[in-house]
Amino acid sequence: MVAVMKSLSEIINKLEMQGSSGDPQVLIKGIAMDSRRVQPGDLYACVPGFKVDGHDYAAAAVASGAAALVVERFLPLPVPQVKVASVRQALGPIAAVFYGHPSQQLELVGVTGTNGKTTITYLIEAIAKKEKKKVGIIGTLGSRIDGREIPGERTTPEATEIQQLLGEMVSAGVSVAVMEVSSHALDLGRVAGCEFDVGIFTNLTQDHLDYHKTMEEYLNAKSRLFAELQGKKQPKLSILNSDDPAFSKLSQVSAAPVVSYGIHNSADYRAESVEVTAEGVRFQIRFRGGLQDIRYATPGFFSVYNALAAFAWGVERGFAPQAVAEALAEIPGVPGRFESVRCGQPFQVIVDYAHTPDGLENVARTARDFTQGRLITIFGCGGDRDRGKRPLMGEAASRWSDFLIVTSDNPRTEDPDLIIKEVLTGVSGVDYVALRDRKEAIWTACRMAKPGDTLLIAGKGHETYQIFGTEVHPFDDREVAREALGGLGYA
């Protein structure tokens, strides 16, 4: 961890304040927004949350050694305080100053969209490493700094953690950082203080409407990444999927030049002669009068889009097209993304993170294409999340599967049986069974499977836990599948 110490006055020098109190020269050794994690010398940010208000825990933070507070209302506490209109929105710029504006010292690539973000960050990492660059990643699978793994809790971390990670990347000599940028992160200001050089858009399909309420609000949140592509570093670039209906709006709002990629439209980077097999995809990319053969070891048309986006970034970055293609061909796959579980069984077992209607349809359709026997799909929907997508998930799974096992995902504080009931309203034209116990569901599918069948276990992918109520329990679809296959006598 990078050791940092700055005076409060340095940190808030260019901040839009509504007032301040106390000694502005007090030294700040860190920034915290969780009172339970405050260390002596920290600046504690009193963030009003959805369920609790950080102001209510300021006294505990001061008792733990907080040297100053960022507030939206002054508090009767004996430490310097800085009052702002929105603590959450001020947190990113404050952290960026504290850690020395790290995003201005490396190339920062932001990837946003409903599906494909994680995969594209991995592809870009592989391309950059092929060019001998040190790379950093921030995303759903945690963070990685030049190969060093750092666990994470959400797709895009809080602003303080982002700036700290970027600061560590700079100290480690990283030159390219690639970040998954969620709609929540854009809306809640987590990436404020980050200067992105490139924005990549994957697609927009229904998700997170428990938060955004409408698809228009969801798209507006995504569009901020491209509308705010500006800063000291030049040039900037937007890389957009021209086959997605959101392309028109994003290309209009982009503050940077736009490069397009796609299959069905005359994009700057266009896939042709696409072949999808059980082993992956083969196709050609036509660009700038050139033609490049591509091989990528993950099946599905969605893989073509992911590879197109990464290839466009590499070529626009100035790398040789052949070298970029070689990097894509060498990637074995991304954890929990159409990941095969092999224990010598005479049928396929695929684990995928698909947790949206479009994502589930994409992977189910891909599995259907290479399945000779039955496609048995095991999936559920998360609790305390967008309820509107539940019947749509059931409908998507029904369209491509021969048999469904509807089970629990992460029920959280909802009744698992009621979630399953809502999913089943979209199921039609296919046999199914409802089993709330996800382990039982996977074992049942493995017992059912015959040679030539495919089991698609969707929704959790790389996750190694399951959430019931507020408790987190160990659970990994891949490990449970291996356990079931072993229990059935497969080596």
# chains A, B, ... in the order shown; residues from 1 in each chain; ligands from 1

$ residues_around --residues "region 232-240 of chain A" --least-positions-apart "3" --cutoff "7 Å" --atoms "only C-alpha atoms" --output "list in words"
Gln104, Asp197, Val198, Gly199, Ile200, Phe201, Thr202, Phe226, Leu229, Phe247, Ser254, Ala256, Pro257, Val258, Val259, Ser260 and Tyr261 of chain A

$ write_last_selection --atoms "C-alpha atoms" --output "compact mmCIF listing (two decimals), in the first residue's frame"
# COMPACT_ATOMS: atom_id res chain seq x y z
CA GLN A 104 -3.55 11.12 -15.02
CA ASP A 197 -8.67 7.87 -21.96
CA VAL A 198 -10.92 5.31 -23.64
CA GLY A 199 -14.53 4.34 -23.08
CA ILE A 200 -15.82 1.01 -24.41
CA PHE A 201 -19.53 0.19 -24.66
CA THR A 202 -20.68 -3.44 -24.91
CA PHE A 226 -18.59 8.89 -22.83
CA LEU A 229 -14.24 11.73 -21.88
CA PHE A 247 -25.20 3.35 -30.25
CA SER A 254 -19.54 11.29 -26.71
CA ALA A 256 -14.40 11.98 -27.85
CA PRO A 257 -14.09 10.66 -31.42
CA VAL A 258 -16.08 7.47 -31.97
CA VAL A 259 -14.85 4.16 -33.36
CA SER A 260 -17.54 1.54 -34.02
CA TYR A 261 -17.51 -2.26 -34.04

$ closest_residue --among "A:Pro416, A:Ile127, A:Glu216, A:Gly152" --to "Ala307 (chain A)" --atoms "only C-alpha atoms"
A:Ile127

$ select_by_dssp --residues "region 336-398 of chain A" --states "helix (DSSP H, G or I)" --output "PyMOL selection string"
chain A and resi 357-370+389-398

$ write_last_selection --atoms "C-alpha atoms" --output "short mmCIF file (atom, residue, chain, number, x, y, z; two decimals), in the first residue's frame"
data_model
loop_
_atom_site.label_atom_id
_atom_site.label_comp_id
_atom_site.auth_asym_id
_atom_site.auth_seq_id
_atom_site.Cartn_x
_atom_site.Cartn_y
_atom_site.Cartn_z
CA PRO A 357 -32.45 -12.11 -19.90
CA ASP A 358 -30.15 -11.21 -22.79
CA GLY A 359 -27.11 -12.82 -21.17
CA LEU A 360 -29.00 -16.04 -20.45
CA GLU A 361 -30.42 -16.16 -23.97
CA ASN A 362 -26.96 -15.66 -25.48
CA VAL A 363 -25.31 -18.48 -23.57
CA ALA A 364 -28.29 -20.84 -23.88
CA ARG A 365 -28.46 -20.24 -27.62
CA THR A 366 -24.73 -20.89 -27.94
CA ALA A 367 -24.99 -24.11 -25.93
CA ARG A 368 -27.99 -25.20 -28.01
CA ASP A 369 -25.95 -24.81 -31.22
CA PHE A 370 -23.39 -27.47 -30.25
CA LYS A 389 -36.46 -9.42 -15.36
CA ARG A 390 -37.50 -12.62 -13.57
CA PRO A 391 -40.23 -13.75 -16.01
CA LEU A 392 -38.01 -12.60 -18.87
CA MET A 393 -35.28 -14.93 -17.61
CA GLY A 394 -37.79 -17.79 -17.55
CA GLU A 395 -38.87 -16.91 -21.08
CA ALA A 396 -35.30 -16.74 -22.40
CA ALA A 397 -34.35 -20.08 -20.84
CA SER A 398 -37.53 -21.70 -22.21
#

$ residues_around --residues "Ile150 (chain A)" --least-positions-apart "3" --cutoff "10 Å" --atoms "only C-alpha atoms" --output "PyMOL selection string"
chain A and resi 137-138+141-145+147+165

$ write_last_selection --atoms "C-alpha atoms" --output "PDB file, in the first residue's frame"
ATOM      1  CA  ILE A 137      -7.562  -4.414 -13.736  1.00  0.00           C
ATOM      2  CA  ILE A 138     -10.473  -3.302 -11.546  1.00  0.00           C
ATOM      3  CA  LEU A 141     -13.517 -10.590 -10.275  1.00  0.00           C
ATOM      4  CA  GLY A 142     -11.561  -8.205  -8.036  1.00  0.00           C
ATOM      5  CA  SER A 143      -8.486  -6.210  -8.957  1.00  0.00           C
ATOM      6  CA  ARG A 144      -5.125  -7.211 -10.349  1.00  0.00           C
ATOM      7  CA  ILE A 145      -1.959  -5.122 -10.377  1.00  0.00           C
ATOM      8  CA  GLY A 147      -0.516 -10.028 -11.910  1.00  0.00           C
ATOM      9  CA  LEU A 165      -5.797   1.051  -6.351  1.00  0.00           C
TER      10      LEU A 165
END

$ residues_around --residues "Asp453 (chain A)" --least-positions-apart "4" --cutoff "10 Å" --atoms "only C-alpha atoms" --output "VMD selection string"
chain A and resid 346 to 349 367 to 368 370 to 376 402 448 to 449

$ closest_residue --among "A:Asp409, A:Asp384, A:Glu131, A:Glu279" --to "Gly333 (chain A)" --atoms "only C-alpha atoms"
A:Glu279

$ closest_atom_pairs --of "region 134-175 of chain A" --to "region 107-115 of chain A" --cutoff "10 Å" --atoms "only C-alpha atoms" --output "Markdown table"
| residue | atom | partner | partner_atom | distance |
| --- | --- | --- | --- | --- |
| A:Val135 | CA | A:Glu107 | CA | 9.7 |
| A:Gly136 | CA | A:Leu108 | CA | 9.3 |
| A:Ile137 | CA | A:Val109 | CA | 9.6 |
| A:Ile138 | CA | A:Gly110 | CA | 9.6 |
| A:Gly139 | CA | A:Val111 | CA | 9.6 |
| A:Leu166 | CA | A:Leu108 | CA | 9.3 |
| A:Val174 | CA | A:Glu107 | CA | 9.0 |
| A:Ser175 | CA | A:Glu107 | CA | 6.1 |

$ atom_distance --atom1 "CA of Cys46 (chain A)" --atom2 "CA of Val71 (chain A)"
5.4 Å

$ atom_distance --atom1 "CA of Met33 (chain A)" --atom2 "CA of Val62 (chain A)"
12.3 Å

$ residues_around --residues "region 461-464 of chain A" --least-positions-apart "5" --cutoff "10 Å" --atoms "only C-alpha atoms" --output "list in words"
Thr140, Leu141, Val334, Pro335, Gly336, Arg337, Phe338, Glu339, Ile350, Val351, Asp352, Tyr353, Ala354, His355, Val472, His473, Pro474, Phe475, Asp476, Asp477, Arg478 and Glu479 of chain A

$ select_by_dssp --residues "region 29-211 of chain A" --states "strand (DSSP E or B)" --output "compact mmCIF listing (two decimals) with C-alpha atoms, in the first residue's frame"
# COMPACT_ATOMS: atom_id res chain seq x y z
CA GLY A 30 -6.08 8.14 4.87
CA ILE A 31 -9.71 8.42 3.78
CA ALA A 32 -12.57 6.28 5.09
CA ASP A 42 -8.14 9.48 8.63
CA LEU A 43 -10.52 11.87 6.92
CA TYR A 44 -13.98 10.38 7.51
CA ALA A 45 -16.58 10.97 4.81
CA PRO A 48 -25.74 9.45 3.43
CA ASP A 53 -26.44 7.93 7.21
CA ALA A 68 -11.39 15.54 10.12
CA LEU A 69 -14.81 15.08 8.59
CA VAL A 70 -16.47 15.72 5.22
CA VAL A 71 -20.11 16.53 5.94
CA GLN A 81 -15.07 19.73 9.14
CA VAL A 82 -15.60 20.46 5.45
CA LYS A 83 -19.19 20.99 4.33
CA GLU A 107 -3.80 5.06 -19.63
CA LEU A 108 -7.22 4.39 -18.14
CA VAL A 109 -9.74 2.35 -20.13
CA GLY A 110 -13.35 2.19 -18.91
CA VAL A 111 -15.63 -0.63 -20.05
CA THR A 112 -19.38 -0.28 -19.52
CA VAL A 135 -1.45 -3.86 -16.65
CA GLY A 136 -3.94 -3.22 -13.88
CA ILE A 137 -7.56 -4.41 -13.74
CA ILE A 138 -10.47 -3.30 -11.55
CA GLY A 139 -13.71 -5.25 -11.89
CA GLY A 142 -11.56 -8.20 -8.04
CA SER A 143 -8.49 -6.21 -8.96
CA ARG A 144 -5.12 -7.21 -10.35
CA ILE A 145 -1.96 -5.12 -10.38
CA ARG A 148 -1.02 -9.52 -8.16
CA GLU A 149 -4.58 -10.44 -7.18
CA ILE A 150 -6.61 -8.20 -4.84
CA VAL A 176 -2.45 0.53 -18.78
CA ALA A 177 -5.36 0.25 -16.33
CA VAL A 178 -8.71 -1.16 -17.43
CA MET A 179 -11.80 -0.82 -15.28
CA GLU A 180 -15.32 -2.20 -15.39
CA VAL A 198 -10.92 5.31 -23.64
CA GLY A 199 -14.53 4.34 -23.08
CA ILE A 200 -15.82 1.01 -24.41
CA PHE A 201 -19.53 0.19 -24.66

$ residues_around --residues "Gly487 (chain A)" --least-positions-apart "2" --cutoff "12 Å" --atoms "only C-alpha atoms" --output "list in words"
Cys343, Gln345, Trp443, Thr444, Cys446, Arg447, Val480, Ala481, Arg482, Glu483, Ala484, Leu485, Gly489, Tyr490 and Ala491 of chain A

$ residues_around --residues "Ala63 (chain A)" --least-positions-apart "5" --cutoff "12 Å" --atoms "only C-alpha atoms" --output "JSON, numbers by chain"
{"A": [35, 36, 37, 38, 39, 40, 41, 42, 44, 57, 58, 68, 77, 78, 79]}

$ closest_residue --among "A:Cys194, A:Ala246, A:Leu186, A:Val274" --to "Met215 (chain A)" --atoms "only C-alpha atoms"
A:Ala246

$ closest_residue --among "A:Thr214, A:Ser183, A:Asp417, A:Gly344" --to "Gly486 (chain A)" --atoms "only C-alpha atoms"
A:Gly344

$ closest_residue --among "A:Asp431, A:Glu414, A:Glu422, A:Glu316" --to "Gly388 (chain A)" --atoms "only C-alpha atoms"
A:Glu422

$ atom_distance --atom1 "CA of Thr454 (chain A)" --atom2 "CA of Pro299 (chain A)"
13.9 Å

$ decode --residues "region 164-202 of chain A" --atoms "N, CA and C atoms" --output "PDB file, in the first residue's frame"
ATOM      1  N   GLN A 164      -7.081   4.620  -4.517  1.00  0.00           N
ATOM      2  CA  GLN A 164      -5.975   3.927  -3.854  1.00  0.00           C
ATOM      3  C   GLN A 164      -5.388   2.863  -4.769  1.00  0.00           C
ATOM      4  N   LEU A 165      -6.270   2.091  -5.435  1.00  0.00           N
ATOM      5  CA  LEU A 165      -5.797   1.051  -6.351  1.00  0.00           C
ATOM      6  C   LEU A 165      -5.021   1.652  -7.513  1.00  0.00           C
ATOM      7  N   LEU A 166      -5.543   2.727  -8.075  1.00  0.00           N
ATOM      8  CA  LEU A 166      -4.841   3.379  -9.183  1.00  0.00           C
ATOM      9  C   LEU A 166      -3.489   3.924  -8.715  1.00  0.00           C
ATOM     10  N   GLY A 167      -3.446   4.424  -7.481  1.00  0.00           N
ATOM     11  CA  GLY A 167      -2.173   4.901  -6.932  1.00  0.00           C
ATOM     12  C   GLY A 167      -1.172   3.771  -6.789  1.00  0.00           C
ATOM     13  N   GLU A 168      -1.639   2.605  -6.359  1.00  0.00           N
ATOM     14  CA  GLU A 168      -0.753   1.446  -6.244  1.00  0.00           C
ATOM     15  C   GLU A 168      -0.282   0.994  -7.620  1.00  0.00           C
ATOM     16  N   MET A 169      -1.153   1.118  -8.616  1.00  0.00           N
ATOM     17  CA  MET A 169      -0.757   0.757  -9.977  1.00  0.00           C
ATOM     18  C   MET A 169       0.360   1.662 -10.485  1.00  0.00           C
ATOM     19  N   VAL A 170       0.225   2.944 -10.241  1.00  0.00           N
ATOM     20  CA  VAL A 170       1.272   3.888 -10.651  1.00  0.00           C
ATOM     21  C   VAL A 170       2.589   3.532  -9.979  1.00  0.00           C
ATOM     22  N   SER A 171       2.541   3.249  -8.673  1.00  0.00           N
ATOM     23  CA  SER A 171       3.761   2.896  -7.932  1.00  0.00           C
ATOM     24  C   SER A 171       4.380   1.604  -8.448  1.00  0.00           C
ATOM     25  N   ALA A 172       3.536   0.694  -8.983  1.00  0.00           N
ATOM     26  CA  ALA A 172       4.025  -0.589  -9.491  1.00  0.00           C
ATOM     27  C   ALA A 172       4.499  -0.503 -10.938  1.00  0.00           C
ATOM     28  N   GLY A 173       4.414   0.673 -11.532  1.00  0.00           N
ATOM     29  CA  GLY A 173       4.888   0.842 -12.904  1.00  0.00           C
ATOM     30  C   GLY A 173       3.881   0.440 -13.962  1.00  0.00           C
ATOM     31  N   VAL A 174       2.603   0.312 -13.566  1.00  0.00           N
ATOM     32  CA  VAL A 174       1.545  -0.020 -14.532  1.00  0.00           C
ATOM     33  C   VAL A 174       1.374   1.132 -15.514  1.00  0.00           C
ATOM     34  N   SER A 175       1.239   0.804 -16.790  1.00  0.00           N
ATOM     35  CA  SER A 175       1.014   1.848 -17.795  1.00  0.00           C
ATOM     36  C   SER A 175      -0.396   1.824 -18.361  1.00  0.00           C
ATOM     37  N   VAL A 176      -1.076   0.661 -18.272  1.00  0.00           N
ATOM     38  CA  VAL A 176      -2.447   0.533 -18.778  1.00  0.00           C
ATOM     39  C   VAL A 176      -3.327  -0.019 -17.667  1.00  0.00           C
ATOM     40  N   ALA A 177      -4.383   0.719 -17.313  1.00  0.00           N
ATOM     41  CA  ALA A 177      -5.358   0.247 -16.330  1.00  0.00           C
ATOM     42  C   ALA A 177      -6.708   0.146 -17.022  1.00  0.00           C
ATOM     43  N   VAL A 178      -7.403  -0.970 -16.811  1.00  0.00           N
ATOM     44  CA  VAL A 178      -8.709  -1.158 -17.431  1.00  0.00           C
ATOM     45  C   VAL A 178      -9.716  -1.474 -16.340  1.00  0.00           C
ATOM     46  N   MET A 179     -10.841  -0.759 -16.369  1.00  0.00           N
ATOM     47  CA  MET A 179     -11.804  -0.816 -15.279  1.00  0.00           C
ATOM     48  C   MET A 179     -13.210  -1.107 -15.797  1.00  0.00           C
ATOM     49  N   GLU A 180     -13.897  -2.040 -15.141  1.00  0.00           N
ATOM     50  CA  GLU A 180     -15.324  -2.204 -15.390  1.00  0.00           C
ATOM     51  C   GLU A 180     -16.042  -1.039 -14.714  1.00  0.00           C
ATOM     52  N   VAL A 181     -16.868  -0.334 -15.478  1.00  0.00           N
ATOM     53  CA  VAL A 181     -17.558   0.839 -14.946  1.00  0.00           C
ATOM     54  C   VAL A 181     -19.064   0.563 -14.959  1.00  0.00           C
ATOM     55  N   SER A 182     -19.611   0.303 -13.798  1.00  0.00           N
ATOM     56  CA  SER A 182     -21.031  -0.028 -13.697  1.00  0.00           C
ATOM     57  C   SER A 182     -21.889   1.228 -13.740  1.00  0.00           C
ATOM     58  N   SER A 183     -23.171   1.038 -14.040  1.00  0.00           N
ATOM     59  CA  SER A 183     -24.090   2.175 -14.055  1.00  0.00           C
ATOM     60  C   SER A 183     -24.229   2.770 -12.658  1.00  0.00           C
ATOM     61  N   HIS A 184     -24.195   1.911 -11.635  1.00  0.00           N
ATOM     62  CA  HIS A 184     -24.246   2.420 -10.259  1.00  0.00           C
ATOM     63  C   HIS A 184     -23.051   3.327  -9.983  1.00  0.00           C
ATOM     64  N   ALA A 185     -21.874   2.897 -10.420  1.00  0.00           N
ATOM     65  CA  ALA A 185     -20.656   3.670 -10.168  1.00  0.00           C
ATOM     66  C   ALA A 185     -20.730   5.036 -10.826  1.00  0.00           C
ATOM     67  N   LEU A 186     -21.266   5.087 -12.035  1.00  0.00           N
ATOM     68  CA  LEU A 186     -21.391   6.364 -12.742  1.00  0.00           C
ATOM     69  C   LEU A 186     -22.419   7.255 -12.069  1.00  0.00           C
ATOM     70  N   ASP A 187     -23.525   6.672 -11.648  1.00  0.00           N
ATOM     71  CA  ASP A 187     -24.595   7.455 -11.041  1.00  0.00           C
ATOM     72  C   ASP A 187     -24.233   7.940  -9.646  1.00  0.00           C
ATOM     73  N   LEU A 188     -23.479   7.129  -8.916  1.00  0.00           N
ATOM     74  CA  LEU A 188     -23.153   7.459  -7.524  1.00  0.00           C
ATOM     75  C   LEU A 188     -21.807   8.166  -7.373  1.00  0.00           C
ATOM     76  N   GLY A 189     -21.164   8.499  -8.497  1.00  0.00           N
ATOM     77  CA  GLY A 189     -19.935   9.277  -8.428  1.00  0.00           C
ATOM     78  C   GLY A 189     -18.702   8.512  -8.017  1.00  0.00           C
ATOM     79  N   ARG A 190     -18.731   7.165  -8.090  1.00  0.00           N
ATOM     80  CA  ARG A 190     -17.558   6.399  -7.665  1.00  0.00           C
ATOM     81  C   ARG A 190     -16.350   6.645  -8.571  1.00  0.00           C
ATOM     82  N   VAL A 191     -16.590   6.949  -9.852  1.00  0.00           N
ATOM     83  CA  VAL A 191     -15.468   7.170 -10.770  1.00  0.00           C
ATOM     84  C   VAL A 191     -15.183   8.659 -10.965  1.00  0.00           C
ATOM     85  N   ALA A 192     -15.856   9.512 -10.189  1.00  0.00           N
ATOM     86  CA  ALA A 192     -15.505  10.931 -10.217  1.00  0.00           C
ATOM     87  C   ALA A 192     -14.064  11.058  -9.744  1.00  0.00           C
ATOM     88  N   GLY A 193     -13.295  11.894 -10.409  1.00  0.00           N
ATOM     89  CA  GLY A 193     -11.873  12.008 -10.080  1.00  0.00           C
ATOM     90  C   GLY A 193     -11.009  11.130 -10.962  1.00  0.00           C
ATOM     91  N   CYS A 194     -11.633  10.275 -11.794  1.00  0.00           N
ATOM     92  CA  CYS A 194     -10.894   9.441 -12.748  1.00  0.00           C
ATOM     93  C   CYS A 194     -10.892  10.116 -14.114  1.00  0.00           C
ATOM     94  N   GLU A 195      -9.742  10.216 -14.736  1.00  0.00           N
ATOM     95  CA  GLU A 195      -9.672  10.708 -16.111  1.00  0.00           C
ATOM     96  C   GLU A 195      -9.479   9.518 -17.038  1.00  0.00           C
ATOM     97  N   PHE A 196     -10.544   9.144 -17.720  1.00  0.00           N
ATOM     98  CA  PHE A 196     -10.491   8.026 -18.659  1.00  0.00           C
ATOM     99  C   PHE A 196      -9.936   8.483 -20.000  1.00  0.00           C
ATOM    100  N   ASP A 197      -9.184   7.599 -20.624  1.00  0.00           N
ATOM    101  CA  ASP A 197      -8.666   7.868 -21.964  1.00  0.00           C
ATOM    102  C   ASP A 197      -9.534   7.225 -23.032  1.00  0.00           C
ATOM    103  N   VAL A 198     -10.078   6.055 -22.705  1.00  0.00           N
ATOM    104  CA  VAL A 198     -10.916   5.309 -23.643  1.00  0.00           C
ATOM    105  C   VAL A 198     -12.152   4.815 -22.916  1.00  0.00           C
ATOM    106  N   GLY A 199     -13.301   4.939 -23.579  1.00  0.00           N
ATOM    107  CA  GLY A 199     -14.534   4.343 -23.076  1.00  0.00           C
ATOM    108  C   GLY A 199     -15.002   3.288 -24.062  1.00  0.00           C
ATOM    109  N   ILE A 200     -15.335   2.093 -23.556  1.00  0.00           N
ATOM    110  CA  ILE A 200     -15.819   1.010 -24.410  1.00  0.00           C
ATOM    111  C   ILE A 200     -17.233   0.642 -23.974  1.00  0.00           C
ATOM    112  N   PHE A 201     -18.150   0.573 -24.938  1.00  0.00           N
ATOM    113  CA  PHE A 201     -19.531   0.190 -24.663  1.00  0.00           C
ATOM    114  C   PHE A 201     -19.815  -1.174 -25.269  1.00  0.00           C
ATOM    115  N   THR A 202     -20.396  -2.082 -24.460  1.00  0.00           N
ATOM    116  CA  THR A 202     -20.678  -3.443 -24.913  1.00  0.00           C
ATOM    117  C   THR A 202     -22.094  -3.572 -25.453  1.00  0.00           C
TER     118      THR A 202
END
